[in-house]
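A.B. asks: Coordinates in start.cif, mmCIF, C-alpha atoms, are listed below.
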data_target
loop_
_atom_site.label_atom_id
_atom_site.label_comp_id
_atom_site.auth_asym_id
_atom_site.auth_seq_id
_atom_site.Cartn_x
_atom_site.Cartn_y
_atom_site.Cartn_z
CA LEU A 14 -7.17 -25.33 16.69
CA VAL A 15 -4.97 -24.00 13.90
CA SER A 16 -1.20 -23.68 13.83
CA GLY A 17 1.00 -21.85 11.36
CA SER A 18 4.72 -22.09 10.92
CA ASP A 19 7.91 -20.99 9.24
CA ASP A 20 7.63 -23.86 6.74
CA PHE A 21 4.82 -21.85 5.04
CA THR A 22 2.06 -24.25 6.17
CA LEU A 23 -0.88 -24.28 8.53
CA PHE A 24 -2.44 -27.29 10.23
CA LEU A 25 -6.01 -27.69 11.42
CA TRP A 26 -6.26 -29.84 14.57
CA ASP A 27 -8.99 -31.55 16.57
CA PRO A 28 -6.96 -32.32 19.72
CA VAL A 29 -9.95 -33.70 21.64
CA ASN A 30 -10.42 -36.51 19.14
CA SER A 31 -7.00 -37.09 17.59
CA LYS A 32 -3.29 -36.51 17.97
CA ASN A 33 -3.04 -36.15 14.19
CA SER A 34 -3.88 -33.04 12.19
CA VAL A 35 -7.21 -32.89 10.39
CA GLN A 36 -5.93 -30.85 7.44
CA ARG A 37 -2.60 -29.57 6.10
CA MET A 38 -3.17 -26.12 4.61
CA THR A 39 -0.65 -24.98 1.99
CA GLY A 40 -0.26 -22.03 -0.33
CA HIS A 41 1.85 -19.40 1.40
CA GLN A 42 5.28 -18.80 -0.13
CA GLN A 43 6.95 -17.56 3.06
CA PRO A 44 6.46 -18.06 6.82
CA VAL A 45 3.01 -17.61 8.32
CA ASN A 46 2.96 -14.62 10.65
CA HIS A 47 -0.53 -14.58 12.15
CA ILE A 48 -3.71 -16.69 12.12
CA GLN A 49 -7.16 -15.87 13.41
CA TYR A 50 -10.60 -17.46 13.39
CA SER A 51 -13.52 -15.21 12.41
CA PRO A 52 -15.85 -14.44 15.34
CA ASP A 53 -18.57 -16.65 13.81
CA GLY A 54 -16.08 -19.51 13.38
CA LYS A 55 -16.80 -19.91 9.65
CA TYR A 56 -13.38 -18.71 8.47
CA ILE A 57 -9.69 -18.73 9.25
CA ILE A 58 -7.43 -15.98 7.95
CA SER A 59 -3.67 -16.34 7.72
CA ALA A 60 -1.15 -13.54 7.19
CA SER A 61 2.32 -14.13 5.83
CA PHE A 62 5.70 -12.67 5.07
CA ASP A 63 4.78 -13.41 1.42
CA LYS A 64 2.68 -10.17 1.51
CA SER A 65 -0.64 -12.02 1.27
CA LEU A 66 -3.59 -13.13 3.34
CA LYS A 67 -5.33 -16.44 2.75
CA LEU A 68 -8.91 -17.25 3.66
CA TRP A 69 -9.75 -20.82 4.69
CA ASP A 70 -12.90 -22.65 5.68
CA GLY A 71 -13.05 -22.67 9.49
CA PHE A 72 -14.52 -26.16 9.67
CA ASP A 73 -12.51 -28.25 7.22
CA GLY A 74 -9.49 -26.03 6.44
CA LYS A 75 -10.16 -25.90 2.70
CA PHE A 76 -8.69 -22.93 0.81
CA ILE A 77 -11.19 -20.22 -0.21
CA ALA A 78 -9.30 -17.13 -1.46
CA THR A 79 -6.09 -15.11 -1.48
CA PHE A 80 -6.05 -11.39 -0.69
CA ARG A 81 -3.22 -9.44 -2.31
CA GLY A 82 -2.46 -5.75 -2.05
CA HIS A 83 0.26 -5.27 0.52
CA VAL A 84 3.78 -4.67 -0.80
CA GLY A 85 5.43 -5.84 2.42
CA PRO A 86 5.01 -8.70 4.89
CA VAL A 87 1.63 -8.79 6.64
CA TYR A 88 2.12 -8.77 10.41
CA GLN A 89 -1.35 -8.96 11.94
CA VAL A 90 -5.04 -9.22 11.11
CA ALA A 91 -8.30 -8.56 12.99
CA TRP A 92 -11.92 -9.38 12.20
CA SER A 93 -14.93 -7.11 12.59
CA ALA A 94 -17.38 -8.50 15.15
CA ASP A 95 -19.85 -9.47 12.42
CA SER A 96 -17.16 -11.40 10.46
CA ARG A 97 -17.90 -9.33 7.33
CA LEU A 98 -14.71 -7.28 7.29
CA LEU A 99 -11.07 -7.89 8.01
CA VAL A 100 -8.23 -5.43 8.63
CA SER A 101 -4.56 -6.21 8.00
CA GLY A 102 -1.41 -4.34 9.04
CA SER A 103 1.87 -4.57 7.18
CA LYS A 104 5.52 -3.66 6.98
CA ASP A 105 4.50 -1.48 4.01
CA SER A 106 3.08 1.07 6.55
CA THR A 107 -0.54 0.56 5.50
CA LEU A 108 -3.68 -1.03 6.84
CA LYS A 109 -6.12 -2.59 4.44
CA VAL A 110 -9.78 -3.35 5.06
CA TRP A 111 -11.07 -6.37 3.15
CA ASP A 112 -14.65 -7.35 2.33
CA ILE A 113 -14.95 -11.08 2.98
CA LYS A 114 -18.15 -11.70 1.01
CA MET A 115 -16.86 -9.89 -2.10
CA LYS A 116 -13.30 -11.16 -1.48
CA LYS A 117 -11.76 -7.81 -2.36
CA LEU A 118 -10.08 -4.72 -0.95
CA MET A 119 -12.56 -2.25 0.49
CA PHE A 120 -10.25 0.47 1.86
CA ASP A 121 -6.53 1.18 1.71
CA LEU A 122 -5.51 3.06 4.86
CA PRO A 123 -2.20 4.86 4.37
CA GLY A 124 -1.19 7.24 7.13
CA HIS A 125 1.52 5.59 9.15
CA ALA A 126 5.10 6.55 8.37
CA ASP A 127 6.53 3.12 9.21
CA GLU A 128 5.65 -0.54 9.72
CA VAL A 129 2.19 -1.31 11.18
CA TYR A 130 2.79 -3.90 13.89
CA THR A 131 -0.66 -4.30 15.35
CA VAL A 132 -4.35 -3.84 14.54
CA ASP A 133 -7.66 -4.46 16.27
CA TRP A 134 -11.33 -3.80 15.66
CA SER A 135 -13.70 -2.23 18.19
CA PRO A 136 -16.54 -4.47 19.43
CA ASP A 137 -19.15 -2.20 17.82
CA GLY A 138 -17.42 -2.47 14.43
CA GLN A 139 -17.11 1.30 14.09
CA LYS A 140 -13.39 1.72 14.72
CA VAL A 141 -10.09 0.13 13.77
CA VAL A 142 -7.02 0.82 15.88
CA SER A 143 -3.47 0.53 14.58
CA GLY A 144 -0.06 0.76 16.20
CA SER A 145 3.13 1.40 14.30
CA LYS A 146 6.89 1.65 14.45
CA ASP A 147 6.33 5.36 13.69
CA ARG A 148 5.25 5.63 17.35
CA TYR A 149 1.66 6.56 16.55
CA LEU A 150 -1.50 4.89 17.66
CA ARG A 151 -4.22 5.65 15.10
CA ILE A 152 -7.94 5.23 15.55
CA TRP A 153 -9.82 4.87 12.28
CA THR A 154 -13.57 5.45 12.12
CA VAL A 155 -14.85 3.04 9.49
CA SER A 156 -18.19 2.86 7.73
CA TYR A 157 -19.14 1.07 4.56
CA THR A 158 -18.73 4.32 2.60
CA HIS A 159 -15.84 6.25 4.17
CA LEU A 160 -13.22 6.38 6.92
CA ARG A 161 -11.54 8.98 9.09
CA ALA A 162 -8.31 8.81 11.11
CA HIS A 163 -7.41 10.19 14.54
CA GLU A 164 -3.94 9.86 15.99
CA THR A 165 -2.65 9.72 19.53
CA GLY A 166 0.59 9.04 21.37
CA ARG A 167 4.25 9.19 20.52
CA ASN A 168 5.52 5.83 21.77
CA LEU A 169 6.47 2.74 19.80
CA VAL A 170 3.32 0.58 19.65
CA CYS A 171 4.02 -3.13 19.23
CA ARG A 172 0.71 -4.66 20.34
CA LEU A 173 -2.71 -3.43 21.37
CA LEU A 174 -6.01 -4.89 22.47
CA LEU A 175 -9.45 -3.32 22.59
CA GLU A 176 -11.79 -4.40 25.36
CA LYS A 177 -14.54 -6.68 24.10
CA LYS A 178 -18.05 -6.28 25.44
CA LYS A 179 -19.12 -8.91 27.93
#
Give the structure from the file, written as structure tokens.
C.D. replies:
Amino acid sequence: LVSGSDDFTLFLWDPVNSKNSVQRMTGHQQPVNHIQYSPDGKYIISASFDKSLKLWDGFDGKFIATFRGHVGPVYQVAWSADSRLLVSGSKDSTLKVWDIKMKKLMFDLPGHADEVYTVDWSPDGQKVVSGSKDRYLRIWTVSYTHLRAHETGRNLVCRLLLEKKK
């Protein structure tokens, strides 16, 4: 279990075995907005109003890397099913796809005209979906060499969820 807060910290917990936190995770300079474990459980990613993402070890909470590139607060993140890629959505109206192994930006996805509130990754790893204050829902086809965008809708999109395969 991981918690993040407005005091810029995260805590790793093992509530089955202790009422105390296992690790205090520091480094963000503004409140933590979103946290998510990678599907394989090896990593934790945190997104912050400080415009950065931080990668942590999923087992002991140790800091691994910082991802910088957004020029506005990062609202939400989503992992690819194979835990190799990560997508982030930001107030700066962009999505960014990050390569976890190389610890660097893979794709910058401009295209929204306003803040990107929500992102998710399809179970097959082929598509990223984003929802924005610009009232567009965009579906991005992603490969390791290129991407393509499709847009739908004209309603404010605050959250979305793609169905995961059972």
A.B. asks: Can you translate the PyMOL selection byres ((chain A and resi 47) around 8) into the concrete residues it hits in this file, as a PDB file with C-alpha atoms, in the coordinates of the input?
C.D. replies:
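The resulting file, out17.pdb, is shown below:
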ATOM      1  CA  GLY A  17       1.000 -21.850  11.360  1.00  0.00           C
ATOM      2  CA  VAL A  45       3.010 -17.610   8.320  1.00  0.00           C
ATOM      3  CA  ASN A  46       2.960 -14.620  10.650  1.00  0.00           C
ATOM      4  CA  ILE A  48      -3.710 -16.690  12.120  1.00  0.00           C
ATOM      5  CA  GLN A  49      -7.160 -15.870  13.410  1.00  0.00           C
ATOM      6  CA  SER A  59      -3.670 -16.340   7.720  1.00  0.00           C
ATOM      7  CA  ALA A  60      -1.150 -13.540   7.190  1.00  0.00           C
ATOM      8  CA  SER A  61       2.320 -14.130   5.830  1.00  0.00           C
ATOM      9  CA  TYR A  88       2.120  -8.770  10.410  1.00  0.00           C
ATOM     10  CA  GLN A  89      -1.350  -8.960  11.940  1.00  0.00           C
ATOM     11  CA  VAL A  90      -5.040  -9.220  11.110  1.00  0.00           C
TER      12      VAL A  90
END
A.B. asks: Using only C-alpha atoms, can you list as a list in words the residues within 12 Å of (-19.1, -12.1, 6.7)?
C.D. replies: Ser51, Pro52, Asp53, Gly54, Lys55, Tyr56, Ile57, Leu68, Trp92, Ser93, Ala94, Asp95, Ser96, Arg97, Leu98, Leu99, Trp111, Asp112, Ile113, Lys114, Met115 and Lys116 of chain A
A.B. asks: Counting all atoms listed in the file, what is within 8 Å of Pro44 of chain A, bar same-chain residues fewer than 2 positions away, as a list in words?
C.D. replies: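 What passes the distance filter is Ser18, Asp19, Asp20, Phe21, Thr22, His41, Gln42, Asn46, Ser61, Phe62 and Asp63 of chain A.
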A.B. asks: Fewer than 5 positions away in the same chain doesn't count, so skip those; otherwise give me all residues within 9 Å of Ser34 of chain A, counting only C-alpha atoms, as a PyMOL selection string.
C.D. replies: chain A and resi 24-28
A.B. asks: List as a PDB file with C-alpha atoms, in the coordinates of the input the protein and nucleic acid residues near segment 134-143 of chain A, meaning an atom at most 6 Å away when all atoms listed in the file are counted, but skip any in the same chain fewer than 2 places from it.
C.D. replies:
ATOM      1  CA  SER A  93     -14.930  -7.110  12.590  1.00  0.00           C
ATOM      2  CA  ALA A  94     -17.380  -8.500  15.150  1.00  0.00           C
ATOM      3  CA  THR A 131      -0.660  -4.300  15.350  1.00  0.00           C
ATOM      4  CA  VAL A 132      -4.350  -3.840  14.540  1.00  0.00           C
ATOM      5  CA  LEU A 150      -1.500   4.890  17.660  1.00  0.00           C
ATOM      6  CA  ARG A 151      -4.220   5.650  15.100  1.00  0.00           C
ATOM      7  CA  ILE A 152      -7.940   5.230  15.550  1.00  0.00           C
ATOM      8  CA  TRP A 153      -9.820   4.870  12.280  1.00  0.00           C
ATOM      9  CA  THR A 154     -13.570   5.450  12.120  1.00  0.00           C
ATOM     10  CA  VAL A 155     -14.850   3.040   9.490  1.00  0.00           C
ATOM     11  CA  LYS A 177     -14.540  -6.680  24.100  1.00  0.00           C
TER      12      LYS A 177
END
A.B. asks: Specify as a list in words each residue included when the PyMOL selection byres ((chain A and resi 130) around 6) is applied to this file.
C.D. replies: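 For this structure, the PyMOL selection byres ((chain A and resi 130) around 6) resolves to Val129, Thr131, Gly144, Ser145 and Cys171 of chain A.
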A.B. asks: For Val84 of chain A, find every residue with an atom within 9 Å (counting all atoms listed in the file), except residues of its own chain fewer than 3 positions away, and show them as a PyMOL selection string.
C.D. replies: chain A and resi 64-65+81+87+103-105
A.B. asks: Kindly give the distance, in Å, that separates atom CA of Val110 of chain A and atom CA of Pro123 of chain A, rounded to a single decimal.
C.D. replies: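 Separation between atom CA of Val110 of chain A and atom CA of Pro123 of chain A: 11.2 Å.
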A.B. asks: Just to confirm, what's the straight-line distance from atom CA of Phe120 of chain A to atom CA of Gly102 of chain A in Å (one decimal)?
C.D. replies: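 Atom CA of Gly102 of chain A lies at a distance of 12.4 Å from atom CA of Phe120 of chain A.
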A.B. asks: If you measure from atom CA of Ala126 of chain A to atom CA of Ala91 of chain A, what distance in Å do you get, rounded to one decimal?
C.D. replies: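 Between atom CA of Ala126 of chain A and atom CA of Ala91 of chain A the gap works out to 20.7 Å.
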A.B. asks: Which residue out of A:Val15, A:Ser31, A:Ser101, A:Leu66 has the minimum interatomic distance to Leu122 of chain A when all atoms listed in the file are used?
C.D. replies: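 Nearest candidate to Leu122 of chain A out of A:Val15, A:Ser31, A:Ser101, A:Leu66: A:Ser101.
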